[in-house]
>>> print(open('start.cif').read())   # mmCIF, C-alpha atoms and all ligand atoms
data_data
loop_
_atom_site.label_atom_id
_atom_site.label_comp_id
_atom_site.auth_asym_id
_atom_site.auth_seq_id
_atom_site.Cartn_x
_atom_site.Cartn_y
_atom_site.Cartn_z
CA MET A 1 14.36 -13.18 7.20
CA LYS A 2 12.99 -10.88 4.49
CA LYS A 3 13.56 -7.13 4.82
CA VAL A 4 10.56 -4.92 4.14
CA ALA A 5 10.52 -1.21 3.25
CA ILE A 6 7.24 0.69 3.42
CA LEU A 7 6.25 3.92 1.64
CA ILE A 8 3.45 6.10 3.00
CA SER A 9 1.97 9.55 2.36
CA GLY A 10 -0.31 10.10 5.34
CA GLY A 11 -1.44 8.71 8.66
CA GLY A 12 0.05 5.31 7.98
CA SER A 13 -2.53 3.14 9.73
CA ASN A 14 -1.84 0.28 7.29
CA MET A 15 1.90 0.71 7.81
CA VAL A 16 1.44 0.43 11.60
CA LYS A 17 -0.46 -2.85 11.17
CA LEU A 18 2.24 -4.19 8.86
CA VAL A 19 5.07 -3.27 11.24
CA GLN A 20 3.22 -4.67 14.25
CA ALA A 21 2.66 -7.96 12.44
CA MET A 22 6.35 -8.41 11.60
CA THR A 23 7.52 -9.91 14.91
CA GLY A 24 8.01 -13.40 16.30
CA ASP A 25 7.79 -16.16 13.71
CA HIS A 26 6.82 -13.74 10.92
CA PRO A 27 9.19 -14.31 7.96
CA ALA A 28 9.86 -10.58 7.50
CA ARG A 29 10.94 -7.48 9.40
CA ALA A 30 10.34 -3.79 8.68
CA VAL A 31 13.65 -2.05 8.00
CA ILE A 32 12.61 1.41 6.86
CA VAL A 33 9.54 3.62 6.37
CA GLY A 34 9.67 6.49 3.89
CA SER A 35 7.32 9.23 2.77
CA ASN A 36 7.00 11.87 0.05
CA ASP A 37 5.60 14.18 2.75
CA PRO A 38 7.85 15.17 5.67
CA ALA A 39 4.67 15.96 7.67
CA ALA A 40 3.09 12.52 7.18
CA GLY A 41 1.75 11.41 10.55
CA GLY A 42 2.90 7.87 9.96
CA LEU A 43 6.59 8.82 10.15
CA ALA A 44 6.41 9.55 13.88
CA LYS A 45 4.45 6.34 14.44
CA ALA A 46 7.14 4.32 12.65
CA ALA A 47 9.89 6.00 14.68
CA GLU A 48 7.99 5.20 17.90
CA MET A 49 7.98 1.54 16.86
CA GLY A 50 11.75 1.69 16.39
CA VAL A 51 11.77 1.68 12.58
CA ALA A 52 14.13 3.98 10.65
CA THR A 53 12.36 6.69 8.66
CA PHE A 54 13.07 9.15 5.88
CA ALA A 55 11.17 11.72 3.84
CA VAL A 56 11.77 13.07 0.34
CA ASP A 57 9.45 16.02 -0.24
CA HIS A 58 8.11 15.65 -3.78
CA ARG A 59 7.26 19.38 -3.87
CA ALA A 60 10.98 20.20 -3.89
CA TYR A 61 11.31 18.46 -7.27
CA LYS A 62 8.71 20.59 -9.09
CA GLY A 63 7.35 17.88 -11.34
CA ASP A 64 10.74 16.30 -12.09
CA ARG A 65 9.61 12.77 -11.35
CA ALA A 66 12.92 11.16 -12.27
CA ALA A 67 14.85 13.39 -9.84
CA PHE A 68 12.28 12.77 -7.10
CA GLU A 69 12.54 9.01 -7.58
CA ALA A 70 16.35 9.13 -7.63
CA ALA A 71 16.23 10.84 -4.22
CA LEU A 72 13.65 8.35 -2.97
CA LEU A 73 15.81 5.44 -4.11
CA GLN A 74 18.90 6.43 -2.13
CA PRO A 75 17.70 5.63 1.40
CA LEU A 76 15.50 2.84 0.08
CA LEU A 77 18.30 0.95 -1.66
CA ALA A 78 20.66 1.58 1.27
CA ALA A 79 18.20 -0.40 3.43
CA GLU A 80 18.45 -3.34 0.96
CA PRO A 81 14.78 -4.35 1.13
CA ASP A 82 13.61 -7.66 -0.31
CA ILE A 83 10.03 -6.39 -0.45
CA LEU A 84 8.63 -2.87 -0.91
CA CYS A 85 5.12 -2.20 0.41
CA LEU A 86 3.14 0.84 -0.68
CA ALA A 87 0.71 1.67 2.12
CA GLY A 88 -1.26 4.79 1.30
CA PHE A 89 1.58 6.10 -0.88
CA MET A 90 -0.13 8.65 -3.12
CA ARG A 91 2.50 9.33 -5.79
CA ILE A 92 2.46 7.55 -9.14
CA LEU A 93 5.78 5.76 -9.75
CA THR A 94 7.47 5.60 -13.17
CA PRO A 95 8.00 2.28 -14.97
CA ASP A 96 11.76 2.66 -14.28
CA PHE A 97 11.16 2.76 -10.54
CA VAL A 98 8.62 -0.06 -10.68
CA GLN A 99 10.99 -2.26 -12.66
CA ARG A 100 13.64 -2.01 -9.93
CA PHE A 101 11.26 -3.78 -7.58
CA GLN A 102 9.54 -5.95 -10.14
CA GLY A 103 7.71 -8.86 -8.55
CA ARG A 104 8.44 -7.63 -5.02
CA MET A 105 6.47 -4.39 -4.73
CA LEU A 106 2.99 -4.60 -3.17
CA ASN A 107 0.24 -2.00 -2.97
CA ILE A 108 -3.06 -1.77 -1.15
CA HIS A 109 -5.86 -0.06 -3.03
CA PRO A 110 -9.28 0.78 -1.55
CA SER A 111 -11.52 -0.88 -4.14
CA LEU A 112 -12.31 -4.29 -5.53
CA LEU A 113 -9.90 -4.04 -8.46
CA PRO A 114 -10.24 -4.11 -11.43
CA LYS A 115 -13.09 -1.80 -10.41
CA TYR A 116 -12.13 1.80 -9.64
CA PRO A 117 -8.40 2.20 -10.11
CA GLY A 118 -7.20 5.69 -9.20
CA LEU A 119 -8.86 8.11 -6.77
CA HIS A 120 -12.26 8.57 -5.05
CA THR A 121 -12.97 4.86 -5.07
CA HIS A 122 -15.63 4.86 -2.36
CA GLN A 123 -17.59 7.74 -3.87
CA ARG A 124 -17.50 6.00 -7.24
CA ALA A 125 -18.74 2.71 -5.76
CA ILE A 126 -21.66 4.49 -4.04
CA GLU A 127 -22.58 6.47 -7.16
CA ALA A 128 -22.57 3.26 -9.21
CA GLY A 129 -25.05 1.69 -6.77
CA ASP A 130 -22.66 -1.13 -5.88
CA THR A 131 -23.79 -3.38 -3.03
CA GLU A 132 -20.23 -4.50 -2.33
CA ALA A 133 -16.95 -2.65 -1.91
CA GLY A 134 -13.57 -3.49 -0.48
CA ALA A 135 -9.82 -3.38 -0.83
CA THR A 136 -7.23 -5.16 -2.94
CA VAL A 137 -3.58 -5.98 -2.34
CA HIS A 138 -1.73 -6.47 -5.61
CA LEU A 139 1.71 -6.64 -7.12
CA VAL A 140 2.73 -3.31 -8.61
CA THR A 141 3.31 -3.23 -12.36
CA PRO A 142 3.89 -0.15 -14.54
CA GLU A 143 0.16 0.19 -15.26
CA LEU A 144 -1.62 1.95 -12.36
CA ASP A 145 -3.51 -0.38 -9.97
CA ALA A 146 -3.46 -3.22 -12.50
CA GLY A 147 -0.94 -5.79 -11.26
CA PRO A 148 -1.76 -9.39 -10.25
CA MET A 149 -4.10 -9.62 -7.27
CA LEU A 150 -2.69 -11.12 -4.06
CA GLY A 151 -5.68 -10.57 -1.81
CA GLN A 152 -9.07 -8.95 -1.58
CA ALA A 153 -11.39 -8.05 1.31
CA ARG A 154 -15.07 -7.47 0.59
CA VAL A 155 -17.53 -5.46 2.66
CA PRO A 156 -21.18 -4.58 2.08
CA VAL A 157 -22.21 -1.10 1.00
CA LEU A 158 -25.04 -0.21 3.41
CA PRO A 159 -28.04 2.06 2.84
CA GLY A 160 -27.12 5.59 3.88
CA ASP A 161 -23.40 5.08 3.37
CA ASP A 162 -21.34 8.04 2.26
CA ALA A 163 -17.72 7.91 1.12
CA ASP A 164 -16.50 8.36 4.71
CA THR A 165 -18.60 5.64 6.35
CA LEU A 166 -17.73 3.23 3.55
CA ALA A 167 -14.02 4.12 3.73
CA ALA A 168 -14.02 3.44 7.47
CA ARG A 169 -15.64 0.01 6.96
CA VAL A 170 -13.14 -0.85 4.23
CA LEU A 171 -10.16 0.37 6.30
CA VAL A 172 -10.97 -2.08 9.10
CA GLN A 173 -10.61 -4.86 6.53
CA GLU A 174 -7.45 -3.35 5.00
CA HIS A 175 -5.83 -3.67 8.42
CA LEU A 176 -6.65 -7.40 8.46
CA LEU A 177 -5.89 -8.08 4.81
CA TYR A 178 -2.52 -6.42 4.22
CA PRO A 179 -0.60 -8.07 7.09
CA GLN A 180 -1.95 -11.49 6.15
CA VAL A 181 -1.06 -11.05 2.48
CA LEU A 182 2.42 -9.79 3.36
CA ARG A 183 3.04 -12.77 5.64
CA ARG A 184 2.02 -15.17 2.88
CA PHE A 185 4.01 -13.28 0.25
CA ALA A 186 7.16 -13.24 2.40
CA SER A 187 6.83 -17.03 2.74
CA GLY A 188 6.62 -17.42 -1.04
CA ASP A 189 2.83 -17.87 -1.26
CA GLN A 190 1.23 -15.70 -3.95
CA THR A 191 -2.14 -17.43 -4.14
CA PRO A 192 -4.90 -14.83 -3.69
CA LEU A 193 -6.40 -14.50 -0.21
CA ILE A 194 -10.10 -13.58 -0.05
CA LEU A 195 -11.61 -12.12 3.13
CA ASN A 196 -15.38 -11.74 3.29
CA ALA A 197 -16.83 -9.34 5.81
CA ALA A 198 -20.33 -9.47 4.38
C1 LIG B 201 -5.84 3.43 2.59
O1 LIG B 201 -7.24 3.37 2.57
C2 LIG B 201 -5.26 2.88 1.31
O2 LIG B 201 -5.99 1.81 0.78
C3 LIG B 201 -5.35 4.08 0.42
O3 LIG B 201 -4.99 5.17 1.23
C4 LIG B 201 -5.36 4.89 2.57
C5 LIG B 201 -4.16 5.12 3.45
O4 LIG B 201 -4.49 5.05 4.81
N1 LIG B 201 -4.48 3.94 -0.71
C6 LIG B 201 -4.70 4.49 -1.90
O5 LIG B 201 -5.68 5.17 -2.14
C7 LIG B 201 -3.65 4.20 -2.94
N2 LIG B 201 -4.00 4.76 -4.20
P1 LIG B 201 -3.35 4.86 5.90
O6 LIG B 201 -2.31 5.94 5.65
O7 LIG B 201 -4.06 5.08 7.20
O8 LIG B 201 -2.80 3.48 5.76
#
>>> encode(input="start.cif", output="structure tokens")
Amino acid sequence: MKKVAILISGGGSNMVKLVQAMTGDHPARAVIVGSNDPAAGGLAKAAEMGVATFAVDHRAYKGDRAAFEAALLQPLLAAEPDILCLAGFMRILTPDFVQRFQGRMLNIHPSLLPKYPGLHTHQRAIEAGDTEAGATVHLVTPELDAGPMLGQARVPVLPGDDADTLAARVLVQEHLLYPQVLRRFASGDQTPLILNAA
């Protein structure tokens, strides 16, 4: 059984789907959920599901990224995770941190990477006139949002969409994509999974 740690920054809807999926014959179990924001709504949801939680407030470290990451690592390493999932974790991690989990850290990003790494992905897709948008699960490497793709879900961009309506359509697919990719990854399968919700 693989042990999975999850990092979040907000509501944690992807985290909830991941935790809920890790039961029965699933090859992994959630062992801990952490956040850089003590007020992240997802922390209470994780606790309700019986998963241990912790928070390390990045604001207390005043830009000292190394000290923040050292504090983040303590509870994480104590939980001895095999896999680390970023699920709406909105802090950039240093190469040192990434290297500790090399080949076993996953992230979900709300665009069809390599398009639109970084922020405001849905607004950028709409402004570019894209007819398709989506989400990508990928392995985390030191370069932001650039690691090998493990899965992608595609949705149409519809006339009249704004960033919010598009984000909502993509999020529905994120909730399907991430648990399926994690299940495959935990079983040793890293071939990309493509979901088409066109
Ligand atoms: C998700 O849409 C996820 O793809 C995005 O944040 C949202 C978190 O929602 N992640 C990023 O933008 C990473 N750069 P959630 O907290 O409800 O899972």
>>> closest_atom_pairs(input="start.cif", of="chain A", to="ligand LIG 201 (chain B)", cutoff="10 Å", atoms="all atoms listed in the file", output="tab-separated table")
residue	atom	partner	partner_atom	distance
A:Leu7	CA	B:LIG201	O6	9.7
A:Ile8	CA	B:LIG201	O6	6.3
A:Ser9	CA	B:LIG201	O6	6.5
A:Gly10	CA	B:LIG201	O6	4.6
A:Gly11	CA	B:LIG201	O6	4.2
A:Gly12	CA	B:LIG201	O6	3.4
A:Ser13	CA	B:LIG201	O7	3.5
A:Asn14	CA	B:LIG201	O8	3.7
A:Met15	CA	B:LIG201	O8	5.8
A:Val16	CA	B:LIG201	O8	7.8
A:Lys17	CA	B:LIG201	O8	8.6
A:Leu18	CA	B:LIG201	O8	9.7
A:Ala40	CA	B:LIG201	O6	8.6
A:Gly41	CA	B:LIG201	O6	8.4
A:Gly42	CA	B:LIG201	O6	7.0
A:Leu86	CA	B:LIG201	C7	7.9
A:Ala87	CA	B:LIG201	O8	5.4
A:Gly88	CA	B:LIG201	C5	3.6
A:Phe89	CA	B:LIG201	C7	5.9
A:Met90	CA	B:LIG201	N2	5.6
A:Arg91	CA	B:LIG201	N2	8.1
A:Ile92	CA	B:LIG201	N2	8.6
A:Asn107	CA	B:LIG201	C7	7.3
A:Ile108	CA	B:LIG201	O2	5.0
A:His109	CA	B:LIG201	O2	4.2
A:Pro110	CA	B:LIG201	O2	4.2
A:Ser111	CA	B:LIG201	O2	7.9
A:Pro117	CA	B:LIG201	N2	7.8
A:Gly118	CA	B:LIG201	N2	6.0
A:Leu119	CA	B:LIG201	O5	6.3
A:His120	CA	B:LIG201	O5	8.0
A:Thr121	CA	B:LIG201	O5	7.9
A:His122	CA	B:LIG201	O1	9.8
A:Gly134	CA	B:LIG201	O2	9.3
A:Ala135	CA	B:LIG201	O2	6.6
A:Thr136	CA	B:LIG201	O2	8.0
A:Val137	CA	B:LIG201	O2	8.7
A:Leu144	CA	B:LIG201	N2	9.0
A:Asp145	CA	B:LIG201	N2	7.7
A:Ala167	CA	B:LIG201	O1	6.9
A:Ala168	CA	B:LIG201	O1	8.4
A:Val170	CA	B:LIG201	O1	7.4
A:Leu171	CA	B:LIG201	O1	5.6
A:Val172	CA	B:LIG201	O1	9.3
A:Gln173	CA	B:LIG201	O1	9.7
A:Glu174	CA	B:LIG201	O2	6.8
A:His175	CA	B:LIG201	O8	8.2
A:Tyr178	CA	B:LIG201	O2	9.6
>>> atom_distance(input="start.cif", atom1="CA of Val181 in chain A", atom2="CA of Gly147 in chain A")
14.7 Å
>>> residues_around(input="start.cif", residues="Pro159 in chain A", least_positions_apart="3", cutoff="10 Å", atoms="only C-alpha atoms", output="MDAnalysis selection string")
chainID A and resid 126 131 156 162
>>> residues_around(input="start.cif", residues="Pro75 in chain A", least_positions_apart="2", cutoff="12 Å", atoms="all atoms listed in the file", output="ChimeraX atom specification")
/A:5-7,31-35,52-56,69-73,77-81
>>> closest_residue(input="start.cif", among="A:Glu48, A:Glu143, A:Glu127, A:Asp64", to="Pro114 in chain A", atoms="all atoms listed in the file")
A:Glu143
>>> closest_residue(input="start.cif", among="A:Pro95, A:Gly50, A:Gly24, A:Gly151", to="Pro192 in chain A", atoms="all atoms listed in the file")
A:Gly151
>>> atom_distance(input="start.cif", atom1="CA of Gln152 in chain A", atom2="CA of Ala197 in chain A")
10.7 Å
>>> closest_residue(input="start.cif", among="A:Thr191, A:Asp82, A:Asn36, A:Asn196", to="Met1 in chain A", atoms="only C-alpha atoms")
A:Asp82
>>> atom_distance(input="start.cif", atom1="CA of His138 in chain A", atom2="CA of Leu158 in chain A")
25.8 Å
>>> closest_residue(input="start.cif", among="A:Thr141, A:Gln123, A:Lys115, A:Leu195", to="Ala163 in chain A", atoms="all atoms listed in the file")
A:Gln123
>>> residues_around(input="start.cif", residues="range 184-187 of chain A", least_positions_apart="6", cutoff="10 Å", atoms="all atoms listed in the file", output="PyMOL selection string")
chain A and resi 1-4+26-29+82-83+104+106+150+178+193
>>> closest_residue(input="start.cif", among="A:Ala133, A:Leu139, A:Leu177, A:Ala47", to="Met105 in chain A", atoms="all atoms listed in the file")
A:Leu139
